[in-house]
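Taking it in order: structure first as C-alpha cells, then the write-up.
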Amino acid sequence: MAVNRYDDTRAWYTISTYSGYEDKVAESINQRVGSPEFEGKIFDAIVPKEKRIEIKNGKRKVVDRKIFQGYVLVEMCLSDETWYIVRNTPGVTGFIGNGTQPTPVSEKEIAKIKKRMGVEDPKYSVNYEINEVVSIIDGPFKGFEGTISEIDTQKGKLKVMVSMFGRETPVELDALQVKQLQ
C-alpha cells in the first residue's frame with residue numbers, strides 16, 4: 001500500500017498552466033468532478049476573473065479579465081492520487097508550493113479572490129478634477145485637448161470643453177477616453 005505524503009483535508013490549491021490554457025484546464029478538471037471515482041476528492045476548479053471596462057472603437061464594453069494569468073484554483077483533498085490526476089491534466093505545468101509539496105491557499109485569500117470575482121458591476125475610477133486639462137486619446141475627438149467642466153463618478157463620464165472653430169464646445173467622454181497631460 002502506498003504511503004500518502006499529503007494531508008488529505010479539503011483545501012484550495014493553485015496550479016500553474018500554460019498561458020491561455022486556464023479555461024481548458026479548469027473545464028477538464030471540472031469534467032472529472034462529477035465522476036464517482038473522484039467524489040469527495042476533487043470538488044471544483046476555477047479561473048479567477050473579474051469584470052473590467054474597456055473602450056474599443058469608441059464603445060464601452062464590460063469584459064471578463066483573468067486576475068492571475070496562467071493560474072487555476074482547485075479545491076480538493078490532496079493525496080498522491082489527486083496530485084497525479086491534476087498534475088497530468090493537459091496544460092498543467094505544476095502546483096504552487098514549497099519544493100514538491102503543494103501549499104494550500106488560505107481561506108482568507110480565497111474569500112478575497114471570490115469577493116473580487118463576485119463584483120457584478122465594475123467600479124469606475126475617475127482621478128480627474130474640474131478645470132484640469134486633459135488629452136483625448138480615443139473617439140472622434142482623439143488628439144484634441146480640453147478642460148474638464150463636469151465629472152460624473154457614478155457613470156465614469158466627463159464633460160470636457162474642447163476648443164473647435166474658435167469656440168468652446170462641451171463633449172461628453174468616458175473617463176477611459178482621456179489622459180492627464182504630463
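Chain lettering (A, B, ...) mirrors the order of the C-alpha cells, residue numbering begins at 1 for each chain separately, and ligand numbering begins at 1 in order of display.
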
- [ ] Would you kindly return, as number ranges by chain, each protein, DNA or RNA residue with an atom no farther than 7 Å from any atom of Met76 of chain A, considering only C-alpha atoms and excluding same-chain residues fewer than 5 positions away?
- [x] A: 10-12, 41-43

Open item on the list: If we count only C-alpha atoms and set the cut-off at 10 Å, which residues sit around Asp64 of chain A, ignoring sequence neighbours fewer than 2 positions away in its own chain? Please answer as a count of residues only.
Closed with: 11

- [ ] Write out as a ChimeraX atom specification all residues of chain A that backbone DSSP assigns to helix (DSSP H, G or I).
- [x] /A:22-33,36-38,80-87,107-118,175-177

Preceding selection exported with N, CA and C atoms as a compact mmCIF listing (two decimals), in the first residue's frame:
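Contents of the output file out34.txt:
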# COMPACT_ATOMS: atom_id res chain seq x y z
N GLU A 22 -5.89 28.31 -19.22
CA GLU A 22 -6.54 28.30 -17.91
C GLU A 22 -7.96 27.74 -17.98
N ASP A 23 -8.77 28.23 -18.93
CA ASP A 23 -10.16 27.77 -19.03
C ASP A 23 -10.24 26.29 -19.41
N LYS A 24 -9.38 25.85 -20.32
CA LYS A 24 -9.38 24.44 -20.74
C LYS A 24 -9.02 23.53 -19.57
N VAL A 25 -8.02 23.94 -18.78
CA VAL A 25 -7.59 23.15 -17.63
C VAL A 25 -8.72 23.05 -16.61
N ALA A 26 -9.34 24.19 -16.28
CA ALA A 26 -10.44 24.20 -15.30
C ALA A 26 -11.60 23.34 -15.79
N GLU A 27 -11.92 23.45 -17.07
CA GLU A 27 -13.01 22.66 -17.65
C GLU A 27 -12.70 21.16 -17.59
N SER A 28 -11.46 20.81 -17.91
CA SER A 28 -11.04 19.41 -17.89
C SER A 28 -11.13 18.82 -16.47
N ILE A 29 -10.69 19.60 -15.48
CA ILE A 29 -10.76 19.13 -14.09
C ILE A 29 -12.21 19.05 -13.64
N ASN A 30 -13.01 20.06 -13.99
CA ASN A 30 -14.42 20.06 -13.58
C ASN A 30 -15.22 18.93 -14.21
N GLN A 31 -14.81 18.45 -15.39
CA GLN A 31 -15.49 17.31 -16.01
C GLN A 31 -15.30 16.05 -15.16
N ARG A 32 -14.16 15.98 -14.48
CA ARG A 32 -13.87 14.82 -13.65
C ARG A 32 -14.59 14.88 -12.30
N VAL A 33 -14.92 16.09 -11.86
CA VAL A 33 -15.55 16.28 -10.54
C VAL A 33 -16.80 15.44 -10.40
N PRO A 36 -17.94 9.31 -10.25
CA PRO A 36 -17.97 8.65 -8.94
C PRO A 36 -16.58 8.40 -8.34
N GLU A 37 -15.57 8.14 -9.17
CA GLU A 37 -14.24 7.83 -8.64
C GLU A 37 -13.57 9.04 -7.98
N PHE A 38 -14.01 10.26 -8.31
CA PHE A 38 -13.41 11.47 -7.72
C PHE A 38 -14.33 12.15 -6.71
N ASP A 80 -1.77 11.43 -3.08
CA ASP A 80 -0.93 11.04 -4.22
C ASP A 80 -1.77 10.91 -5.49
N GLU A 81 -2.97 10.32 -5.34
CA GLU A 81 -3.85 10.09 -6.48
C GLU A 81 -4.34 11.41 -7.09
N THR A 82 -4.88 12.32 -6.25
CA THR A 82 -5.40 13.58 -6.78
C THR A 82 -4.27 14.45 -7.32
N TRP A 83 -3.12 14.45 -6.65
CA TRP A 83 -1.97 15.20 -7.14
C TRP A 83 -1.62 14.73 -8.55
N TYR A 84 -1.57 13.41 -8.75
CA TYR A 84 -1.21 12.83 -10.04
C TYR A 84 -2.24 13.20 -11.12
N ILE A 85 -3.52 13.11 -10.76
CA ILE A 85 -4.59 13.41 -11.73
C ILE A 85 -4.50 14.86 -12.19
N VAL A 86 -4.41 15.78 -11.23
CA VAL A 86 -4.37 17.22 -11.57
C VAL A 86 -3.07 17.55 -12.30
N ARG A 87 -1.96 17.04 -11.79
CA ARG A 87 -0.65 17.34 -12.37
C ARG A 87 -0.55 16.87 -13.82
N GLU A 107 -7.91 30.35 3.57
CA GLU A 107 -9.34 30.66 3.41
C GLU A 107 -9.55 32.16 3.25
N LYS A 108 -8.74 32.94 3.95
CA LYS A 108 -8.83 34.39 3.88
C LYS A 108 -8.54 34.88 2.45
N GLU A 109 -7.50 34.31 1.85
CA GLU A 109 -7.13 34.69 0.49
C GLU A 109 -8.20 34.25 -0.51
N ILE A 110 -8.74 33.05 -0.34
CA ILE A 110 -9.81 32.56 -1.21
C ILE A 110 -11.02 33.47 -1.10
N ALA A 111 -11.36 33.88 0.11
CA ALA A 111 -12.51 34.78 0.32
C ALA A 111 -12.28 36.10 -0.41
N LYS A 112 -11.04 36.64 -0.36
CA LYS A 112 -10.74 37.90 -1.07
C LYS A 112 -10.87 37.72 -2.58
N ILE A 113 -10.38 36.60 -3.10
CA ILE A 113 -10.45 36.35 -4.54
C ILE A 113 -11.90 36.19 -4.98
N LYS A 114 -12.68 35.41 -4.21
CA LYS A 114 -14.09 35.20 -4.57
C LYS A 114 -14.88 36.50 -4.49
N LYS A 115 -14.55 37.35 -3.52
CA LYS A 115 -15.22 38.64 -3.41
C LYS A 115 -14.90 39.48 -4.65
N ARG A 116 -13.64 39.47 -5.04
CA ARG A 116 -13.23 40.22 -6.23
C ARG A 116 -13.92 39.69 -7.49
N MET A 117 -14.08 38.37 -7.56
CA MET A 117 -14.75 37.76 -8.71
C MET A 117 -16.25 38.06 -8.71
N GLY A 118 -16.83 38.20 -7.53
CA GLY A 118 -18.28 38.35 -7.41
C GLY A 118 -18.79 39.74 -7.66
N ALA A 175 -14.30 58.40 -18.99
CA ALA A 175 -13.04 58.69 -18.31
C ALA A 175 -11.87 57.91 -18.92
N LEU A 176 -12.16 56.77 -19.58
CA LEU A 176 -11.10 55.98 -20.20
C LEU A 176 -10.66 56.55 -21.54
N GLN A 177 -11.39 57.57 -22.03
CA GLN A 177 -11.06 58.15 -23.34
C GLN A 177 -10.11 59.34 -23.22

Open item on the list: Residues within 10 Å of segment 142-146 of chain A, please, as number ranges by chain. Count only C-alpha atoms; anything in the same chain fewer than 5 positions from it doesn't count.
Closed with: A: 131-137, 159-164, 168-171, 177-181

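Of the residues listed (A:Tyr21, A:Tyr128, A:Phe95, A:Phe141), A:Tyr128 shows the shortest atom-to-atom separation from Leu158 of chain A; distances use only C-alpha atoms.
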
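Between atom CA of Ile148 of chain A and atom CA of Glu129 of chain A the separation is 7.1 Å.
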
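Atom CA of Gly34 of chain A lies 20.1 Å from atom CA of Ile15 of chain A.
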
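With atom CA of Arg65 of chain A on one side and atom CA of Ser19 of chain A on the other, the separation reads 13.3 Å.
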
- [ ] List the neighbours of segment 96-100 of chain A out to 7 Å using only C-alpha atoms; skip same-chain residues closer than 2 positions along the sequence, and give me the result as a PyMOL selection string.
- [x] chain A and resi 14-16+94+102-103

Based on the selection just made, write all heavy atoms of those residues as a PDB file, in the first residue's frame.
ATOM      1  N   THR A  14      -3.261  26.124  -5.778  1.00  0.00           N
ATOM      2  CA  THR A  14      -3.033  26.859  -7.025  1.00  0.00           C
ATOM      3  C   THR A  14      -2.179  26.001  -7.933  1.00  0.00           C
ATOM      4  O   THR A  14      -1.157  25.467  -7.510  1.00  0.00           O
ATOM      5  CB  THR A  14      -2.297  28.190  -6.745  1.00  0.00           C
ATOM      6  OG1 THR A  14      -3.025  28.913  -5.756  1.00  0.00           O
ATOM      7  CG2 THR A  14      -2.182  29.018  -7.999  1.00  0.00           C
ATOM      8  N   ILE A  15      -2.641  25.877  -9.185  1.00  0.00           N
ATOM      9  CA  ILE A  15      -1.831  25.164 -10.175  1.00  0.00           C
ATOM     10  C   ILE A  15      -1.457  26.153 -11.270  1.00  0.00           C
ATOM     11  O   ILE A  15      -2.206  27.065 -11.584  1.00  0.00           O
ATOM     12  CB  ILE A  15      -2.559  23.932 -10.773  1.00  0.00           C
ATOM     13  CG1 ILE A  15      -3.918  24.302 -11.363  1.00  0.00           C
ATOM     14  CG2 ILE A  15      -2.702  22.838  -9.744  1.00  0.00           C
ATOM     15  CD1 ILE A  15      -4.608  23.156 -12.077  1.00  0.00           C
ATOM     16  N   SER A  16      -0.272  25.980 -11.799  1.00  0.00           N
ATOM     17  CA  SER A  16       0.147  26.840 -12.912  1.00  0.00           C
ATOM     18  C   SER A  16      -0.161  26.108 -14.214  1.00  0.00           C
ATOM     19  O   SER A  16      -0.121  24.884 -14.284  1.00  0.00           O
ATOM     20  CB  SER A  16       1.629  27.194 -12.803  1.00  0.00           C
ATOM     21  OG  SER A  16       2.411  26.031 -12.794  1.00  0.00           O
ATOM     22  N   GLY A  94       2.282  22.539 -13.165  1.00  0.00           N
ATOM     23  CA  GLY A  94       2.665  22.152 -11.812  1.00  0.00           C
ATOM     24  C   GLY A  94       1.812  22.813 -10.755  1.00  0.00           C
ATOM     25  O   GLY A  94       0.936  23.628 -11.036  1.00  0.00           O
ATOM     26  N   PRO A 102       2.757  20.886  -2.530  1.00  0.00           N
ATOM     27  CA  PRO A 102       1.817  21.975  -2.834  1.00  0.00           C
ATOM     28  C   PRO A 102       1.354  22.672  -1.548  1.00  0.00           C
ATOM     29  O   PRO A 102       1.138  22.021  -0.528  1.00  0.00           O
ATOM     30  CB  PRO A 102       0.646  21.267  -3.502  1.00  0.00           C
ATOM     31  CG  PRO A 102       1.227  19.985  -4.016  1.00  0.00           C
ATOM     32  CD  PRO A 102       2.277  19.600  -3.021  1.00  0.00           C
ATOM     33  N   THR A 103       1.260  23.989  -1.607  1.00  0.00           N
ATOM     34  CA  THR A 103       0.838  24.770  -0.448  1.00  0.00           C
ATOM     35  C   THR A 103      -0.616  25.177  -0.605  1.00  0.00           C
ATOM     36  O   THR A 103      -0.977  25.772  -1.629  1.00  0.00           O
ATOM     37  CB  THR A 103       1.703  26.047  -0.324  1.00  0.00           C
ATOM     38  OG1 THR A 103       3.069  25.655  -0.290  1.00  0.00           O
ATOM     39  CG2 THR A 103       1.355  26.830   0.922  1.00  0.00           C
TER      40      THR A 103
END

Open item on the list: Could you list, as a list in words, every residue within 6 Å of Val74 of chain A, counting only C-alpha atoms and ignoring same-chain residues fewer than 6 positions away?
Closed with: Trp12, Tyr13, Asp44 and Ala45 of chain A

Please dump the current selection as a PDB file, in the first residue's frame; keep N, CA, C and O atoms.
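After the write, selection.pdb holds the following:
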ATOM      1  N   TRP A  12      -8.018  24.602  -0.963  1.00  0.00           N
ATOM      2  CA  TRP A  12      -7.784  25.159  -2.299  1.00  0.00           C
ATOM      3  C   TRP A  12      -6.288  25.158  -2.572  1.00  0.00           C
ATOM      4  O   TRP A  12      -5.493  25.497  -1.701  1.00  0.00           O
ATOM      5  N   TYR A  13      -5.923  24.787  -3.794  1.00  0.00           N
ATOM      6  CA  TYR A  13      -4.525  24.793  -4.224  1.00  0.00           C
ATOM      7  C   TYR A  13      -4.427  25.564  -5.536  1.00  0.00           C
ATOM      8  O   TYR A  13      -5.382  25.612  -6.309  1.00  0.00           O
ATOM      9  N   ASP A  44     -13.809  21.349  -7.139  1.00  0.00           N
ATOM     10  CA  ASP A  44     -14.042  22.478  -8.035  1.00  0.00           C
ATOM     11  C   ASP A  44     -12.718  22.987  -8.599  1.00  0.00           C
ATOM     12  O   ASP A  44     -11.668  22.829  -7.975  1.00  0.00           O
ATOM     13  N   ALA A  45     -12.791  23.584  -9.776  1.00  0.00           N
ATOM     14  CA  ALA A  45     -11.637  24.257 -10.383  1.00  0.00           C
ATOM     15  C   ALA A  45     -12.155  25.557 -10.973  1.00  0.00           C
ATOM     16  O   ALA A  45     -13.143  25.552 -11.704  1.00  0.00           O
TER      17      ALA A  45
END

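Of the listed residues A:Ile151, A:Ile46, A:Leu173, A:Ile130, the one whose atoms come nearest to Glu75 of chain A is A:Ile46, with distances taken using only C-alpha atoms.
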